[in-house]
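Trainee: Sharing run-v3.csv, CSV, N, CA and C atoms:
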chain,number,residue,atom,x,y,z
W,21,MET,N,109.3,86.9,93.2
W,21,MET,CA,109.4,86.7,94.6
W,21,MET,C,110.3,87.8,95.3
W,22,LYS,N,111.4,88.1,94.5
W,22,LYS,CA,112.4,89.0,95.1
W,22,LYS,C,111.8,90.3,95.5
W,23,GLN,N,110.7,90.8,94.8
W,23,GLN,CA,110.1,92.0,95.2
W,23,GLN,C,109.4,92.0,96.5
W,24,GLN,N,109.2,90.8,97.1
W,24,GLN,CA,108.6,90.6,98.4
W,24,GLN,C,109.6,90.5,99.5
W,25,ILE,N,110.9,90.6,99.1
W,25,ILE,CA,111.9,90.3,100.1
W,25,ILE,C,112.7,91.7,100.3
W,26,ASP,N,112.9,92.0,101.6
W,26,ASP,CA,113.7,93.2,101.9
W,26,ASP,C,115.0,92.7,102.6
W,27,ILE,N,116.1,93.2,102.2
W,27,ILE,CA,117.4,92.8,102.8
W,27,ILE,C,117.9,94.0,103.5
W,28,LYS,N,118.2,93.8,104.8
W,28,LYS,CA,118.6,95.0,105.6
W,28,LYS,C,119.7,94.6,106.6
W,29,ILE,N,120.6,95.6,106.9
W,29,ILE,CA,121.5,95.4,108.0
W,29,ILE,C,120.8,95.9,109.2
W,30,VAL,N,120.9,95.1,110.3
W,30,VAL,CA,120.2,95.4,111.5
W,30,VAL,C,121.1,95.4,112.7
W,31,ASP,N,120.6,96.1,113.8
W,31,ASP,CA,121.3,96.1,115.1
W,31,ASP,C,120.6,95.2,116.1
W,32,SER,N,119.4,94.9,115.7
W,32,SER,CA,118.6,94.0,116.6
W,32,SER,C,117.5,93.4,115.8
W,33,TRP,N,116.9,92.3,116.3
W,33,TRP,CA,115.8,91.6,115.6
W,33,TRP,C,115.2,90.7,116.7
W,34,PRO,N,113.9,90.3,116.5
W,34,PRO,CA,113.3,89.4,117.5
W,34,PRO,C,114.1,88.1,117.6
W,35,GLU,N,114.5,87.8,118.9
W,35,GLU,CA,115.3,86.7,119.1
W,35,GLU,C,114.8,85.3,118.7
W,36,LYS,N,113.5,85.1,118.8
W,36,LYS,CA,112.9,83.8,118.4
W,36,LYS,C,113.0,83.6,116.9
W,37,GLU,N,112.9,84.7,116.1
W,37,GLU,CA,113.1,84.6,114.7
W,37,GLU,C,114.5,84.2,114.3
W,38,ILE,N,115.5,84.8,115.0
W,38,ILE,CA,116.9,84.5,114.7
W,38,ILE,C,117.1,83.0,115.2
W,39,GLU,N,116.6,82.6,116.3
W,39,GLU,CA,116.7,81.2,116.7
W,39,GLU,C,116.2,80.3,115.7
W,40,GLU,N,115.0,80.6,115.1
W,40,GLU,CA,114.4,79.7,114.1
W,40,GLU,C,115.4,79.6,112.9
W,41,LEU,N,116.1,80.7,112.5
W,41,LEU,CA,117.0,80.6,111.4
W,41,LEU,C,118.2,79.7,111.8
W,42,TYR,N,118.7,79.9,113.0
W,42,TYR,CA,119.8,79.0,113.5
W,42,TYR,C,119.4,77.5,113.5
W,43,ARG,N,118.1,77.3,113.9
W,43,ARG,CA,117.6,75.9,113.8
W,43,ARG,C,117.6,75.4,112.4
W,44,ALA,N,117.1,76.2,111.5
W,44,ALA,CA,117.0,75.8,110.0
W,44,ALA,C,118.4,75.5,109.5
W,45,GLY,N,119.5,76.2,110.0
W,45,GLY,CA,120.8,75.9,109.6
W,45,GLY,C,121.4,74.7,110.3
W,46,GLY,N,120.7,74.2,111.3
W,46,GLY,CA,121.2,73.0,112.1
W,46,GLY,C,122.3,73.4,113.1
W,47,TRP,N,122.3,74.7,113.5
W,47,TRP,CA,123.3,75.2,114.3
W,47,TRP,C,122.8,75.5,115.7
W,48,TRP,N,121.6,75.3,116.1
W,48,TRP,CA,121.1,75.6,117.4
W,48,TRP,C,121.0,74.4,118.2
W,49,ARG,N,121.3,74.5,119.5
W,49,ARG,CA,121.2,73.4,120.5
W,49,ARG,C,120.2,73.8,121.5
W,50,ASN,N,119.4,72.9,122.0
W,50,ASN,CA,118.4,73.2,123.0
W,50,ASN,C,119.0,73.7,124.3
W,51,SER,N,120.3,73.5,124.5
W,51,SER,CA,120.9,74.1,125.7
W,51,SER,C,121.3,75.6,125.5
W,52,TYR,N,121.2,76.1,124.3
W,52,TYR,CA,121.5,77.5,124.1
W,52,TYR,C,120.4,78.4,124.7
W,53,ASP,N,120.7,79.6,125.1
W,53,ASP,CA,119.8,80.5,125.7
W,53,ASP,C,119.6,81.6,124.6
W,54,SER,N,118.4,81.8,124.1
W,54,SER,CA,118.1,82.7,123.1
W,54,SER,C,118.3,84.2,123.5
W,55,SER,N,118.4,84.4,124.8
W,55,SER,CA,118.7,85.8,125.2
W,55,SER,C,120.1,86.3,124.8
W,56,GLY,N,121.0,85.4,124.5
W,56,GLY,CA,122.3,85.7,124.0
W,56,GLY,C,122.3,86.2,122.6
W,57,ILE,N,121.2,86.0,121.8
W,57,ILE,CA,121.2,86.4,120.4
W,57,ILE,C,121.4,87.9,120.2
W,58,LYS,N,120.9,88.7,121.2
W,58,LYS,CA,121.1,90.2,121.0
W,58,LYS,C,122.6,90.5,121.0
W,59,TYR,N,123.4,89.8,121.8
W,59,TYR,CA,124.8,90.1,121.9
W,59,TYR,C,125.5,89.6,120.6
W,60,LEU,N,125.0,88.5,120.1
W,60,LEU,CA,125.6,88.0,118.8
W,60,LEU,C,125.3,89.0,117.7
W,61,VAL,N,124.1,89.5,117.6
W,61,VAL,CA,123.8,90.5,116.6
W,61,VAL,C,124.7,91.8,116.7
W,62,LYS,N,124.7,92.3,117.9
W,62,LYS,CA,125.4,93.5,118.2
W,62,LYS,C,126.9,93.3,118.1
W,63,GLY,N,127.4,92.1,118.4
W,63,GLY,CA,128.9,91.9,118.3
W,63,GLY,C,129.4,91.6,116.9
W,64,SER,N,128.5,91.5,115.9
W,64,SER,CA,128.8,91.3,114.5
W,64,SER,C,129.2,92.6,113.9
W,65,PHE,N,130.1,92.5,112.9
W,65,PHE,CA,130.5,93.7,112.2
W,65,PHE,C,129.3,94.2,111.4
W,66,ALA,N,128.6,93.2,110.8
W,66,ALA,CA,127.3,93.5,110.2
W,66,ALA,C,126.4,92.3,110.3
W,67,PHE,N,125.2,92.5,110.5
W,67,PHE,CA,124.2,91.4,110.6
W,67,PHE,C,123.1,91.7,109.7
W,68,VAL,N,122.9,90.8,108.7
W,68,VAL,CA,121.9,91.0,107.6
W,68,VAL,C,120.7,90.1,107.8
W,69,ILE,N,119.5,90.7,107.6
W,69,ILE,CA,118.3,89.9,107.7
W,69,ILE,C,117.6,90.0,106.3
W,70,ALA,N,117.1,88.9,105.9
W,70,ALA,CA,116.1,88.9,104.7
W,70,ALA,C,114.8,88.8,105.3
W,71,GLU,N,113.9,89.8,105.0
W,71,GLU,CA,112.6,89.9,105.6
W,71,GLU,C,111.5,89.7,104.5
W,72,ASP,N,110.6,88.9,104.8
W,72,ASP,CA,109.4,88.7,103.9
W,72,ASP,C,108.5,90.0,104.2
W,73,LYS,N,108.4,90.8,103.2
W,73,LYS,CA,107.6,92.1,103.3
W,73,LYS,C,106.1,91.8,103.7
W,74,VAL,N,105.6,90.7,103.3
W,74,VAL,CA,104.2,90.4,103.6
W,74,VAL,C,104.0,90.0,105.1
W,75,THR,N,104.8,89.0,105.5
W,75,THR,CA,104.7,88.5,106.9
W,75,THR,C,105.5,89.3,107.9
W,76,LYS,N,106.4,90.1,107.4
W,76,LYS,CA,107.3,90.9,108.3
W,76,LYS,C,108.2,90.0,109.2
W,77,LYS,N,108.5,88.7,108.7
W,77,LYS,CA,109.3,87.8,109.4
W,77,LYS,C,110.6,87.6,108.8
W,78,ALA,N,111.7,87.3,109.5
W,78,ALA,CA,113.0,87.0,109.0
W,78,ALA,C,112.9,85.7,108.3
W,79,ILE,N,113.4,85.6,107.1
W,79,ILE,CA,113.4,84.4,106.3
W,79,ILE,C,114.8,83.9,105.9
W,80,GLY,N,115.8,84.8,106.3
W,80,GLY,CA,117.2,84.5,106.0
W,80,GLY,C,118.1,85.4,106.8
W,81,MET,N,119.4,85.0,106.9
W,81,MET,CA,120.3,85.9,107.6
W,81,MET,C,121.7,85.5,107.1
W,82,GLY,N,122.6,86.4,107.5
W,82,GLY,CA,124.1,86.2,107.3
W,82,GLY,C,124.7,87.3,108.1
W,83,ARG,N,126.0,87.0,108.5
W,83,ARG,CA,126.7,88.1,109.3
W,83,ARG,C,128.1,88.1,109.0
W,84,LEU,N,128.8,89.2,109.3
W,84,LEU,CA,130.2,89.4,109.1
W,84,LEU,C,130.9,89.5,110.4
W,85,ILE,N,132.0,88.9,110.5
W,85,ILE,CA,132.9,89.0,111.7
W,85,ILE,C,134.1,89.7,111.1
W,86,SER,N,134.5,90.8,111.7
W,86,SER,CA,135.6,91.6,111.1
W,86,SER,C,136.2,92.5,112.2
W,87,ASP,N,137.5,92.9,111.9
W,87,ASP,CA,138.1,93.9,112.7
W,87,ASP,C,137.8,95.3,112.1
W,88,GLY,N,137.1,95.3,111.0
W,88,GLY,CA,136.7,96.6,110.4
W,88,GLY,C,137.8,97.3,109.6
W,89,VAL,N,138.9,96.6,109.5
W,89,VAL,CA,140.0,97.3,108.8
W,89,VAL,C,140.5,96.4,107.6
W,90,SER,N,140.8,95.1,107.9
W,90,SER,CA,141.5,94.4,106.8
W,90,SER,C,140.8,93.1,106.3
W,91,ASP,N,140.3,92.3,107.3
W,91,ASP,CA,139.7,91.0,106.9
W,91,ASP,C,138.2,90.9,107.4
W,92,ALA,N,137.5,90.1,106.7
W,92,ALA,CA,136.1,89.8,107.2
W,92,ALA,C,135.8,88.4,106.8
W,93,TYR,N,135.0,87.8,107.7
W,93,TYR,CA,134.5,86.4,107.5
W,93,TYR,C,133.0,86.4,107.4
W,94,ILE,N,132.4,85.8,106.4
W,94,ILE,CA,131.0,85.6,106.4
W,94,ILE,C,130.6,84.4,107.2
W,95,GLN,N,129.6,84.5,108.0
W,95,GLN,CA,129.3,83.4,108.9
W,95,GLN,C,127.8,83.3,109.0
W,96,ASP,N,127.3,82.2,109.4
W,96,ASP,CA,125.9,82.0,109.8
W,96,ASP,C,124.9,82.4,108.6
W,97,MET,N,125.2,82.0,107.4
W,97,MET,CA,124.4,82.3,106.3
W,97,MET,C,123.4,81.2,106.1
W,98,VAL,N,122.1,81.6,106.2
W,98,VAL,CA,121.0,80.6,106.1
W,98,VAL,C,119.8,81.2,105.5
W,99,VAL,N,119.0,80.5,104.8
W,99,VAL,CA,117.7,80.9,104.3
W,99,VAL,C,116.7,79.7,104.7
W,100,LEU,N,115.5,80.1,105.2
W,100,LEU,CA,114.5,79.1,105.5
W,100,LEU,C,114.2,78.2,104.3
W,101,PRO,N,114.0,76.9,104.5
W,101,PRO,CA,113.9,76.0,103.4
W,101,PRO,C,112.8,76.4,102.4
W,102,GLU,N,111.7,76.9,102.8
W,102,GLU,CA,110.6,77.3,101.9
W,102,GLU,C,110.9,78.5,101.0
W,103,TYR,N,112.0,79.2,101.3
W,103,TYR,CA,112.5,80.4,100.6
W,103,TYR,C,113.7,80.1,99.8
W,104,ARG,N,114.2,78.9,99.8
W,104,ARG,CA,115.5,78.6,99.1
W,104,ARG,C,115.2,78.5,97.6
W,105,GLU,N,116.2,78.7,96.8
W,105,GLU,CA,116.2,78.6,95.3
W,105,GLU,C,115.4,79.8,94.7
W,106,MET,N,115.3,80.9,95.5
W,106,MET,CA,114.6,82.1,95.0
W,106,MET,C,115.5,83.3,94.9
W,107,GLY,N,116.8,83.1,95.1
W,107,GLY,CA,117.7,84.2,95.0
W,107,GLY,C,118.0,85.0,96.3
W,108,VAL,N,117.3,84.5,97.4
W,108,VAL,CA,117.5,85.2,98.7
W,108,VAL,C,118.9,85.2,99.2
W,109,GLY,N,119.5,84.0,99.2
W,109,GLY,CA,120.9,83.8,99.6
W,109,GLY,C,121.8,84.7,98.9
W,110,GLY,N,121.7,84.8,97.6
W,110,GLY,CA,122.5,85.7,96.8
W,110,GLY,C,122.4,87.1,97.2
W,111,MET,N,121.2,87.5,97.5
W,111,MET,CA,120.9,88.9,97.9
W,111,MET,C,121.6,89.2,99.2
W,112,ILE,N,121.5,88.2,100.2
W,112,ILE,CA,122.2,88.4,101.5
W,112,ILE,C,123.7,88.5,101.3
W,113,ILE,N,124.3,87.6,100.5
W,113,ILE,CA,125.7,87.6,100.3
W,113,ILE,C,126.2,88.9,99.6
W,114,LYS,N,125.5,89.4,98.6
W,114,LYS,CA,125.8,90.6,97.9
W,114,LYS,C,125.8,91.8,98.8
W,115,THR,N,124.8,91.8,99.7
W,115,THR,CA,124.7,92.9,100.7
W,115,THR,C,125.9,92.9,101.7
W,116,LEU,N,126.3,91.7,102.1
W,116,LEU,CA,127.5,91.6,103.0
W,116,LEU,C,128.8,92.0,102.2
W,117,LEU,N,128.9,91.6,101.0
W,117,LEU,CA,130.1,91.9,100.2
W,117,LEU,C,130.1,93.4,100.0
W,118,ASN,N,129.0,94.0,99.6
W,118,ASN,CA,129.0,95.5,99.3
W,118,ASN,C,129.3,96.3,100.6
W,119,TYR,N,128.9,95.8,101.8
W,119,TYR,CA,129.2,96.4,103.0
W,119,TYR,C,130.7,96.4,103.3
W,120,CYS,N,131.3,95.3,103.1
W,120,CYS,CA,132.7,95.2,103.3
W,120,CYS,C,133.5,96.1,102.3
W,121,LEU,N,133.1,96.0,101.1
W,121,LEU,CA,133.8,96.9,100.1
W,121,LEU,C,133.6,98.3,100.3
W,122,SER,N,132.5,98.7,100.8
W,122,SER,CA,132.2,100.1,101.2
W,122,SER,C,133.1,100.6,102.3
W,123,LYS,N,133.6,99.7,103.1
W,123,LYS,CA,134.4,100.0,104.3
W,123,LYS,C,135.9,99.8,103.9
W,124,GLY,N,136.2,99.4,102.7
W,124,GLY,CA,137.6,99.2,102.2
W,124,GLY,C,138.2,97.9,102.6
W,125,ILE,N,137.3,96.9,103.0
W,125,ILE,CA,137.8,95.6,103.4
W,125,ILE,C,137.8,94.7,102.1
W,126,LEU,N,139.0,94.2,101.8
W,126,LEU,CA,139.1,93.5,100.5
W,126,LEU,C,139.3,92.0,100.7
W,127,TRP,N,139.7,91.6,101.9
W,127,TRP,CA,139.9,90.1,102.1
W,127,TRP,C,138.6,89.6,102.8
W,128,ILE,N,137.8,88.9,102.1
W,128,ILE,CA,136.5,88.4,102.5
W,128,ILE,C,136.5,86.9,102.4
W,129,GLY,N,136.4,86.2,103.5
W,129,GLY,CA,136.4,84.7,103.4
W,129,GLY,C,135.2,84.1,104.0
W,130,LEU,N,135.1,82.8,103.8
W,130,LEU,CA,134.0,82.0,104.5
W,130,LEU,C,134.4,80.5,104.4
W,131,ILE,N,133.8,79.7,105.2
W,131,ILE,CA,133.9,78.3,105.1
W,131,ILE,C,132.5,77.8,104.6
W,132,ALA,N,132.5,77.2,103.4
W,132,ALA,CA,131.2,76.7,102.9
W,132,ALA,C,130.8,75.4,103.5
W,133,GLU,N,129.5,75.3,103.7
W,133,GLU,CA,128.9,74.0,104.1
W,133,GLU,C,129.1,73.0,103.0
W,134,PRO,N,129.1,71.7,103.3
W,134,PRO,CA,129.2,70.7,102.2
W,134,PRO,C,128.2,70.9,101.1
W,135,ASN,N,128.6,70.8,99.9
W,135,ASN,CA,127.7,71.0,98.7
W,135,ASN,C,127.3,72.4,98.4
W,136,GLN,N,127.8,73.4,99.1
W,136,GLN,CA,127.4,74.8,98.9
W,136,GLN,C,128.5,75.5,98.1
W,137,ASP,N,129.6,74.9,97.7
W,137,ASP,CA,130.6,75.6,97.0
W,137,ASP,C,130.2,76.1,95.7
W,138,LYS,N,129.3,75.5,95.0
W,138,LYS,CA,128.8,76.0,93.7
W,138,LYS,C,128.0,77.3,93.9
W,139,PHE,N,127.3,77.4,94.9
W,139,PHE,CA,126.5,78.6,95.2
W,139,PHE,C,127.5,79.8,95.4
W,140,TYR,N,128.5,79.6,96.3
W,140,TYR,CA,129.4,80.6,96.6
W,140,TYR,C,130.3,81.0,95.3
W,141,SER,N,130.7,79.9,94.6
W,141,SER,CA,131.4,80.2,93.3
W,141,SER,C,130.6,81.1,92.4
W,142,SER,N,129.3,80.8,92.3
W,142,SER,CA,128.5,81.6,91.4
W,142,SER,C,128.5,83.1,91.8
W,143,LEU,N,128.9,83.4,93.0
W,143,LEU,CA,128.9,84.8,93.5
W,143,LEU,C,130.3,85.4,93.5
W,144,GLY,N,131.2,84.6,93.0
W,144,GLY,CA,132.6,85.1,92.8
W,144,GLY,C,133.6,84.6,93.8
W,145,PHE,N,133.3,83.7,94.7
W,145,PHE,CA,134.2,83.2,95.7
W,145,PHE,C,135.0,82.1,95.0
W,146,LYS,N,136.3,82.0,95.4
W,146,LYS,CA,137.2,81.0,94.8
W,146,LYS,C,137.7,80.1,96.0
W,147,GLU,N,138.0,78.8,95.7
W,147,GLU,CA,138.6,77.9,96.6
W,147,GLU,C,140.0,78.4,97.0
W,148,MET,N,140.3,78.3,98.3
W,148,MET,CA,141.6,78.7,98.7
W,148,MET,C,142.5,77.5,98.7
W,149,LYS,N,143.2,77.3,97.6
W,149,LYS,CA,144.0,76.1,97.4
W,149,LYS,C,145.2,76.2,98.4
W,150,LYS,N,145.6,75.0,98.9
W,150,LYS,CA,146.7,74.9,99.9
W,150,LYS,C,146.3,75.4,101.3
W,151,TYR,N,145.1,75.7,101.5
W,151,TYR,CA,144.6,76.1,102.8
W,151,TYR,C,143.7,75.1,103.4
W,152,VAL,N,143.7,74.8,104.7
W,152,VAL,CA,142.9,73.8,105.3
W,152,VAL,C,142.1,74.4,106.4
W,153,PRO,N,140.7,74.4,106.3
W,153,PRO,CA,140.0,74.9,107.4
W,153,PRO,C,140.2,74.0,108.6
W,154,MET,N,140.3,74.7,109.8
W,154,MET,CA,140.6,73.9,111.0
W,154,MET,C,139.7,74.4,112.1
W,155,LYS,N,139.5,73.6,113.1
W,155,LYS,CA,138.7,73.9,114.3
W,155,LYS,C,139.3,73.2,115.5
W,156,TYR,N,139.3,73.9,116.6
W,156,TYR,CA,139.8,73.4,117.8
W,156,TYR,C,138.7,72.4,118.4
W,157,PRO,N,139.1,71.2,118.7
W,157,PRO,CA,138.1,70.1,119.1
W,157,PRO,C,137.5,70.3,120.5
W,158,THR,N,136.6,71.2,120.7
W,158,THR,CA,135.9,71.3,121.9
W,158,THR,C,134.6,70.4,121.9
W,159,GLU,N,134.1,70.1,123.0
W,159,GLU,CA,132.9,69.3,123.1
W,159,GLU,C,131.8,70.2,122.6
W,160,GLU,N,130.9,69.5,121.7
W,160,GLU,CA,129.8,70.3,121.1
W,160,GLU,C,128.5,69.7,121.6
The structure given in the file should be rewritten as structure tokens.
Mentor:
Amino acid sequence: MKQQIDIKIVDSWPEKEIEELYRAGGWWRNSYDSSGIKYLVKGSFAFVIAEDKVTKKAIGMGRLISDGVSDAYIQDMVVLPEYREMGVGGMIIKTLLNYCLSKGILWIGLIAEPNQDKFYSSLGFKEMKKYVPMKYPTEE
């Protein structure tokens, strides 16, 4: 299956396909305006799409938020359910990691969704002991 998947860093992508990926991750709200997706993609340090070469549709994504100098955070990593367990997520993460390393960025972090820590550990990530992820409590 991996031979039918293309992983690429993009500057733009059809907004409806990105919206579908955000929905698959459970991160999209009906109140959101999909026209903002183009700014989200362009505002990322790197935005990676996994494309099914046959259908030419986005089947996964991940992005980096970074200053481009010292630190980077992997965010919005998702693969459509029907493409999971095929190595697509690992390909996306490796592309993001390689991009950071090629730019000299050595501190690369993320916050894993529940039950995804084994996936990220298999790719070399380690739990940050004594650190607590925090979020400001805004209305969602």
Trainee: Write out as a PDB file with N, CA and C atoms, keeping the file's coordinate frame which residues come within 5 Å of stretch 100-103 of chain W when counting all atoms listed in the file, dropping same-chain ones fewer than 2 positions away.
Mentor:
ATOM      1  N   ILE W  79     113.400  85.600 107.100  1.00  0.00           N
ATOM      2  CA  ILE W  79     113.400  84.400 106.300  1.00  0.00           C
ATOM      3  C   ILE W  79     114.800  83.900 105.900  1.00  0.00           C
ATOM      4  N   GLY W  80     115.800  84.800 106.300  1.00  0.00           N
ATOM      5  CA  GLY W  80     117.200  84.500 106.000  1.00  0.00           C
ATOM      6  C   GLY W  80     118.100  85.400 106.800  1.00  0.00           C
ATOM      7  N   VAL W  98     122.100  81.600 106.200  1.00  0.00           N
ATOM      8  CA  VAL W  98     121.000  80.600 106.100  1.00  0.00           C
ATOM      9  C   VAL W  98     119.800  81.200 105.500  1.00  0.00           C
ATOM     10  N   GLU W 105     116.200  78.700  96.800  1.00  0.00           N
ATOM     11  CA  GLU W 105     116.200  78.600  95.300  1.00  0.00           C
ATOM     12  C   GLU W 105     115.400  79.800  94.700  1.00  0.00           C
ATOM     13  N   MET W 106     115.300  80.900  95.500  1.00  0.00           N
ATOM     14  CA  MET W 106     114.600  82.100  95.000  1.00  0.00           C
ATOM     15  C   MET W 106     115.500  83.300  94.900  1.00  0.00           C
TER      16      MET W 106
END
Trainee: If you measure from atom CA of W:Met97 to atom CA of W:Ile85, what distance in Å do you get, rounded to one decimal?
Mentor: 12.1 Å
Trainee: W:Val30, W:Ala92, W:Leu143, W:Ile25: which is nearest W:Lys76, counting only C-alpha atoms?
Mentor: W:Ile25
Trainee: Would you mind reading off the distance between atom CA of W:Ile29 and atom CA of W:Pro153, one decimal, in Å?
Mentor: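 So the answer is 27.6 Å.
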Trainee: Could you work out how far atom N of W:Glu71 lies from atom CA of W:Lys114, giving the answer in Å with one decimal?
Mentor: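 Rounded to one decimal, the two atoms are 13.9 Å apart.
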Trainee: From the options W:Val89, W:Leu60, W:Ile131, W:Ile69, which residue's atoms come nearest to W:Lys28, counting all atoms listed in the file?
Mentor: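 Closest candidate: W:Ile69.
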Trainee: Kindly indicate which residue among W:Gly45, W:Gly110, W:Ser64, W:Cys120 lies nearest to W:Phe139, using all atoms listed in the file for the distances.
Mentor: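 Checking each candidate against W:Phe139, we get W:Gly110 as the closest.
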Trainee: May I ask which of the residues W:Glu40, W:Asp26, W:Glu35, W:Asp91 is the closest one to W:Leu126, counting all atoms listed in the file?
Mentor: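 Nearest candidate to W:Leu126 out of W:Glu40, W:Asp26, W:Glu35, W:Asp91: W:Asp91.
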Trainee: I need the residues of chain W that end up classed as alpha helix (DSSP H) by DSSP on the backbone, written out as a ChimeraX atom specification.
Mentor: /W:35-45,57-63,108-122,137-142
Trainee: With only C-alpha atoms as the counted atoms, please give the residues lying no more than 12 Å from W:Ile125, apart from itself and same-chain residues fewer than 4 positions off, as a compact mmCIF listing (two decimals) with N, CA and C atoms, in the frame of the given file.
Mentor:
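Output below, filename selection-v5.txt:
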# COMPACT_ATOMS: atom_id res chain seq x y z
N PHE W 65 130.10 92.50 112.90
CA PHE W 65 130.50 93.70 112.20
C PHE W 65 129.30 94.20 111.40
N LEU W 84 128.80 89.20 109.30
CA LEU W 84 130.20 89.40 109.10
C LEU W 84 130.90 89.50 110.40
N ILE W 85 132.00 88.90 110.50
CA ILE W 85 132.90 89.00 111.70
C ILE W 85 134.10 89.70 111.10
N SER W 86 134.50 90.80 111.70
CA SER W 86 135.60 91.60 111.10
C SER W 86 136.20 92.50 112.20
N ASP W 87 137.50 92.90 111.90
CA ASP W 87 138.10 93.90 112.70
C ASP W 87 137.80 95.30 112.10
N GLY W 88 137.10 95.30 111.00
CA GLY W 88 136.70 96.60 110.40
C GLY W 88 137.80 97.30 109.60
N VAL W 89 138.90 96.60 109.50
CA VAL W 89 140.00 97.30 108.80
C VAL W 89 140.50 96.40 107.60
N SER W 90 140.80 95.10 107.90
CA SER W 90 141.50 94.40 106.80
C SER W 90 140.80 93.10 106.30
N ASP W 91 140.30 92.30 107.30
CA ASP W 91 139.70 91.00 106.90
C ASP W 91 138.20 90.90 107.40
N ALA W 92 137.50 90.10 106.70
CA ALA W 92 136.10 89.80 107.20
C ALA W 92 135.80 88.40 106.80
N TYR W 93 135.00 87.80 107.70
CA TYR W 93 134.50 86.40 107.50
C TYR W 93 133.00 86.40 107.40
N LEU W 116 126.30 91.70 102.10
CA LEU W 116 127.50 91.60 103.00
C LEU W 116 128.80 92.00 102.20
N LEU W 117 128.90 91.60 101.00
CA LEU W 117 130.10 91.90 100.20
C LEU W 117 130.10 93.40 100.00
N ASN W 118 129.00 94.00 99.60
CA ASN W 118 129.00 95.50 99.30
C ASN W 118 129.30 96.30 100.60
N TYR W 119 128.90 95.80 101.80
CA TYR W 119 129.20 96.40 103.00
C TYR W 119 130.70 96.40 103.30
N CYS W 120 131.30 95.30 103.10
CA CYS W 120 132.70 95.20 103.30
C CYS W 120 133.50 96.10 102.30
N LEU W 121 133.10 96.00 101.10
CA LEU W 121 133.80 96.90 100.10
C LEU W 121 133.60 98.30 100.30
N GLY W 129 136.40 86.20 103.50
CA GLY W 129 136.40 84.70 103.40
C GLY W 129 135.20 84.10 104.00
Trainee: Using all atoms listed in the file, which protein or nucleic acid residues come within 8 Å of W:Glu37? Drop anything in the same chain fewer than 4 positions from it, and give the result as a PyMOL selection string.
Mentor: chain W and resi 33+41-43+77-79
Trainee: Apply DSSP to the structure's backbone, then extract all residues of chain W labelled strand (DSSP E or B) and return them as a PyMOL selection string.
Mentor: chain W and resi 25-29+66-72+78-86+91-99+127-129
Trainee: Could you tell me which of W:Asp31, W:Ala70, W:Ser141, W:Met81 comes closest to W:Lys58 if we count only C-alpha atoms?
Mentor: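 Among W:Asp31, W:Ala70, W:Ser141, W:Met81, it is W:Asp31 that comes nearest to W:Lys58.
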Trainee: Identify which of the residues W:Pro157, W:Gly124, W:Gly109, W:Pro34 lies closest to W:Gln136, counting only C-alpha atoms when measuring atom-to-atom distances.
Mentor: W:Gly109
